[in-house]
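S.K.: One structure, as structure tokens, below. Some questions next.
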Amino acid sequence: MFRYILRRLLQMVLAFFGTTLIVYALTFAGQGDPIQALAGERPVTPAQRAYLTEKYHLDATGVGGFFYRYFDYVKNLLQGNLGESLTGRNIGDILQQAWPVTVRLALIALAVAIIFGVTAGVLAGIRRASIFDNSTLVLTLLVLGIPTIVLAPLAQYFLGVKWQLFPPTAGSDPTFYALLLPGIVLGSLSLATALRLTRASVAENLRADYVRTARSKGLVKRRIVIVHVLRNSLIPVVTFLGVELGNLMSGAIITEGVFNIPGVGFNLFRGIRTEDGPLVVGIVSVLVVVYLVSNLVVDVLYAVLDPRIRYE
Amino acid sequence: MRVRRLAAWTALPLAVTLGLAACGSGGDGGSGGSDSSAVSIQIAEPKHLVPTNTTETSGSQVIAGLFSPLVDYDAQNKPYEVAAESVTSTDNKVWTIKLKDGYTFHNGEKVTSQSYINAWNYGAYAPNGQDTNPFFEKIAGFADLQGKAPKAKELSGLKKVDDLTFTVTLSEPYIDFRTTLGYNAFFPMPDAAFSAPGVLKDSYEQAPIGQGPFKMKGTWQHDSKIDVERYDAFPGEKPKVKNVEFRIYQQLTAAYADVLADNLDVLPTIPTESLSTAPSDLGDRYKTSPMSSFQFLAFPTFDKDYSSPDVRKAISMAIDRDEITKSVFKGSQTSARSFVSPVLPGYREDTTGTAGEFNPTEAKKLYQAAGGPSKIVISYNGDGGHKDWVDATVNQLKTNLGVDAVGSAEPKFADLLTKVENKTPVGAFRMGWVMDYPTMEDYLGPLYSTNGASNYYGYSNPDFDRLVKEGSAAKTQDEAIAKYQQAEDILAKDMPVIPLRFGENVFGHSSKVKNVEMDLFQRVNLVKIEAAN
């Protein structure tokens, strides 16, 4: 087990540098004129252009320039320095500020997905073809069909502005309550998927041989469902939620924008919009780590849920 | 079983690590609503807060509160002295600036003429990479501060006379110099801002020290907010509110929702999506006021398709501006038929003459006679909400000129400019301009002069250049305006660009504030604003 985890961690180092290289290459190739992008529609002064070009080595172009800038970046990265964004802010500081609020949002979303999605999924799986099952089917289809870009402003308008149940925006340092609405909106998509997955899995496992055996042994239904069926049904759900945690953090661009949460998604969007290469690479590097770690957690959880799975 | 236990113990710390990161921050997110004289104003994350490095609206809104300008502009947009006692010159070349006594920086330091000289030298010194660098170019000795290794560190044109007086020698006479002094590039900076002469402290930008009506409360909280409070030792007109929170929003729509819910007090720009519903949503809290923005359609005049002024005039006559401002912009912009903004002294209506009037039959005749291209392309940046009006314009051209016309989106304005600079054929392209200070020269110079900073369309007319130069070297304002107007008449003949629309501030506020006014630079007047009740 230890050897397995050690091996995975070593692989992570390799994957990390591989992805930063790819992301760095992509932003490098896609870069037009970051100085003009920064200035917006104003003409850029020669003094400003010369200053920024020198500071960020923007005159290093071509393959040689790429490797020069990439190794410069990696060298700084290994010293714990993520560099400066084009507006002169320390990227480490930006990330330090952006991550906590995004992680809180993602965890709320994940909690919403687990508490409501898995519970409703189990109930729907047990009472297949009941009214509850059919109505959750309709509801989840509806949620899956509405993209966040519609759902988020609608929720904001009705729950935040019209009925004033929640604050319409959360801001950078929000209370748990202010993050609840964005968290529910963000989590609703995962909720729907988790519900469908759990329902299918539970419904299938209820017909398995070991359930019939347990039932014929005379076990009470609650024990069958909780100990036998649920645990075996959770494997696909855990896989999904593990990967979803990464998605929730990186994919919150729309939700963070609508509810004014200056987290990772927004900074990523800003970095892409202003062609701020160092900022994009910095954020994506950390996202890669999140994906790698959450995948490792999922793999280890398999062994907890299913004794037949062993890692050597 | 052992393996499973082990796995559980390994999974736990990993999960906890992920979870712990979540608990990093907490605390209150409230905006201190208990103090009734606190107002909140929407801004975007400023790029910089050093006066000599601030050119966009959000940063300029904040430092307008922290600093007090030498001159400000009255209702006719003519300059009057604020922090200056007088700004005078006999020959428009050597200017004497006398400061009012009694101004202090927020750290208690006295404002002297040296505070201005230090700040301006810092801004003009090219290796500092300050964004407002070109605003100092008219001061003598500017050229010596340019390049990678400049010859000098200080402008030779700035001379301290005594603690409250200094002289500015320009390289040539410039009538509008007094007017330009209202721009934030010309704010002073205290000694405390510099770690050594000419070297700005890194920490200064996080909490700029000014001499204005408000001082920083804490530091710049990036992506979150900037809090300022009233500076009681300010000798000028005192603000009515004690605290102002500049709240940073990423999207205007989010800020709009907050204004509707009374969660935010002032939204300086109503988002385009909400323009049609805003008047009914906000009632009398929906406001408009003049500002300086100018939208126009530029032509690559070096491209033979568009090199004839008649072709450009015909296209102009085929566009129904009023229809577009009404249907696309819901009246939030007005039709433009002149080359400078209506807010300026010297503005005249309809300087484009017949070429600005919508006249499809004449347009078609003229277009065919001048041999215009059979396909017109209008390029624009796809990230700025320009698609709707470009599509409408293109449709009008199709109908009225009987030609093929398409809109072509570039991802960003920078991409569009790169193409134009490389003379890649992009067809006609959209451009916009907002002024830095209210003079006609601030439009005519950068936009239409041969060497204008924003003249991307290759327009060059020696007569025009000469008139603008003569205007800025004129003895009196009236004489200058007469020259500028003559120059504008040349533009009307040459039609290098087609004026389309003038902008307005379209803003809204919550029910918790009153007396919300906005200036020509899209900034909320922080002295006038008051808490309601």
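Letters A, B, ... mark the chains of the structure tokens in the order given; residue numbers begin at 1 per chain; ligand numbers begin at 1, in order shown.
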Identify, on the basis of only C-alpha atoms, every residue whose closest approach to segment 92-95 of chain A does not exceed 8 Å; exclude the query and any residue fewer than 5 positions from it along the same chain; express the result as a list of chain:residue names.
M.R.: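 Contacts, in chain order: A:Asn81, A:Leu82, A:Gly83, A:Val264, A:Ile283.
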S.K.: Extract, using only C-alpha atoms, all DNA, RNA and protein residues at most 8 Å from Lys375 of chain B, discarding same-chain residues fewer than 2 positions from it, and format them as a PyMOL selection string.
M.R.: chain B and resi 373+377+403-406
S.K.: Keeping only C-alpha atoms, write the selected residues as a PDB file, in the first residue's frame.
M.R.:
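The new file out.pdb reads:
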```
ATOM      1  CA  PRO B 373     -15.855  48.263 -53.244  1.00  0.00           C
ATOM      2  CA  VAL B 377     -16.261  44.379 -44.190  1.00  0.00           C
ATOM      3  CA  VAL B 403     -23.543  45.982 -51.781  1.00  0.00           C
ATOM      4  CA  ASP B 404     -22.496  42.899 -49.917  1.00  0.00           C
ATOM      5  CA  ALA B 405     -21.554  43.745 -46.332  1.00  0.00           C
ATOM      6  CA  VAL B 406     -20.439  41.577 -43.414  1.00  0.00           C
TER       7      VAL B 406
END
```
S.K.: Could you list, as a PyMOL selection string, every residue within 12 Å of Pro411 of chain B, counting only C-alpha atoms and ignoring same-chain residues fewer than 6 positions away?
M.R.: (chain A and resi 30-33+37+272-275) or (chain B and resi 379-387+417-419)
S.K.: Given only C-alpha atoms as the basis, pick out the residue of B:Pro134, B:Asn184, B:Thr354, B:Tyr249 nearest to Gly452 of chain B.
M.R.: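 Comparing B:Pro134, B:Asn184, B:Thr354, B:Tyr249 against Gly452 of chain B, the winner is B:Pro134.
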S.K.: Excluding Tyr311 of chain A and its own-chain neighbours fewer than 4 positions away, which residues fall within 8 Å of it when counting only C-alpha atoms? Please give them as a ChimeraX atom specification.
M.R.: /A:1,4,303
S.K.: So what do you get for atom CA of Gln48 of chain A versus atom CA of Asn133 of chain B, distance-wise?
M.R.: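 It comes out at 8.0 Å.
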S.K.: Where does DSSP see helix (DSSP H, G or I) in segment 334-404 of chain B, if you list the residues as a tab-separated table (two decimals) with C-alpha atoms, in the first residue's frame?
M.R.:
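Written out: part_10.tsv:
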```tsv
chain	number	residue	atom	x	y	z
B	353	GLY	CA	-22.65	68.41	-42.81
B	354	THR	CA	-24.60	66.44	-45.39
B	355	ALA	CA	-22.24	63.48	-44.99
B	356	GLY	CA	-23.68	62.89	-41.53
B	360	PRO	CA	-29.93	56.42	-48.79
B	361	THR	CA	-30.64	57.61	-52.35
B	362	GLU	CA	-27.82	60.17	-52.43
B	363	ALA	CA	-25.54	57.67	-50.68
B	364	LYS	CA	-26.08	55.06	-53.35
B	365	LYS	CA	-25.48	57.54	-56.17
B	366	LEU	CA	-22.30	58.87	-54.59
B	367	TYR	CA	-21.04	55.39	-53.77
B	368	GLN	CA	-21.43	54.19	-57.35
B	369	ALA	CA	-19.93	57.35	-58.81
B	370	ALA	CA	-16.89	57.05	-56.53
B	387	LYS	CA	-21.88	42.58	-32.46
B	388	ASP	CA	-25.42	43.96	-32.30
B	389	TRP	CA	-24.73	47.40	-33.69
B	390	VAL	CA	-22.22	46.15	-36.24
B	391	ASP	CA	-24.83	43.69	-37.53
B	392	ALA	CA	-27.41	46.46	-37.70
B	393	THR	CA	-24.98	48.74	-39.55
B	394	VAL	CA	-24.04	46.02	-41.98
B	395	ASN	CA	-27.69	45.35	-42.74
B	396	GLN	CA	-28.29	49.05	-43.40
B	397	LEU	CA	-25.32	49.17	-45.77
B	398	LYS	CA	-26.61	46.11	-47.62
B	399	THR	CA	-30.04	47.62	-48.09
B	400	ASN	CA	-29.03	51.21	-48.74
B	401	LEU	CA	-25.94	50.78	-50.92
```
S.K.: Env of segment 108-110 of chain A: 10 Å cut, atoms = only C-alpha atoms, seq-sep filter 4 positions within chain, self excluded. Answer as a PyMOL selection string.
M.R.: chain A and resi 102-104+114-117+176+179-191+241-242+244-245+248-249
S.K.: Can you list, as a list in words, every protein, DNA or RNA residue that comes within 10 Å of Val225 of chain A when you count only C-alpha atoms, leaving out same-chain residues fewer than 4 positions away?
M.R.: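 These residues fall inside the cut-off: Val122, Ile126, Val202, Asn205, Leu206, Val211, Val220, Lys221, Val229, Leu230, Arg231, Asn232 and Ser233 of chain A.
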S.K.: Residues of the last selection are to be written out with N, CA and C atoms, as a short mmCIF file (atom, residue, chain, number, x, y, z; two decimals), in the first residue's frame.
M.R.:
```
data_model
loop_
_atom_site.label_atom_id
_atom_site.label_comp_id
_atom_site.auth_asym_id
_atom_site.auth_seq_id
_atom_site.Cartn_x
_atom_site.Cartn_y
_atom_site.Cartn_z
N VAL A 122 -30.57 6.80 -3.42
CA VAL A 122 -30.83 5.53 -2.74
C VAL A 122 -32.34 5.30 -2.62
N ILE A 126 -34.43 2.25 -4.30
CA ILE A 126 -35.21 1.26 -3.55
C ILE A 126 -36.66 1.23 -4.02
N VAL A 202 -27.85 1.35 -7.11
CA VAL A 202 -28.63 0.72 -6.03
C VAL A 202 -29.65 -0.25 -6.62
N ASN A 205 -27.85 -3.38 -7.65
CA ASN A 205 -27.34 -4.19 -6.55
C ASN A 205 -28.46 -4.84 -5.74
N LEU A 206 -29.64 -4.23 -5.74
CA LEU A 206 -30.76 -4.82 -5.00
C LEU A 206 -31.14 -6.18 -5.56
N VAL A 211 -27.68 -10.00 -2.03
CA VAL A 211 -28.80 -9.37 -1.36
C VAL A 211 -29.90 -10.40 -1.10
N VAL A 220 -32.71 -7.62 8.54
CA VAL A 220 -33.71 -6.57 8.37
C VAL A 220 -33.35 -5.73 7.14
N LYS A 221 -34.37 -5.14 6.56
CA LYS A 221 -34.16 -4.46 5.29
C LYS A 221 -33.18 -3.29 5.42
N VAL A 229 -25.94 -3.03 0.33
CA VAL A 229 -26.22 -2.41 -0.97
C VAL A 229 -25.49 -1.08 -1.13
N LEU A 230 -25.63 -0.22 -0.13
CA LEU A 230 -25.09 1.13 -0.27
C LEU A 230 -23.59 1.09 -0.50
N ARG A 231 -22.89 0.28 0.31
CA ARG A 231 -21.45 0.30 0.19
C ARG A 231 -20.99 -0.16 -1.19
N ASN A 232 -21.66 -1.17 -1.68
CA ASN A 232 -21.27 -1.66 -3.00
C ASN A 232 -21.72 -0.72 -4.11
N SER A 233 -22.74 0.05 -3.83
CA SER A 233 -23.24 0.94 -4.88
C SER A 233 -22.43 2.21 -4.97
#
```
S.K.: Compile the contact shell of Phe71 of chain A as a list of chain:residue names: residues with an atom at most 12 Å away, counting only C-alpha atoms, same-chain residues fewer than 6 positions apart removed.
M.R.: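 The filter keeps A:Phe17, A:Thr20, A:Leu21, A:Tyr24, A:Ala25, A:Gly64, A:Gly65, A:Leu77, A:Leu78.
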S.K.: For each of A:Gly145, A:Gly277, A:Gly246, A:Pro46, take the minimum atom-to-atom distance to Val290 of chain A, counting only C-alpha atoms, then give the residue where this is smallest.
M.R.: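 Closest to Val290 of chain A, using only C-alpha atoms: A:Gly246.
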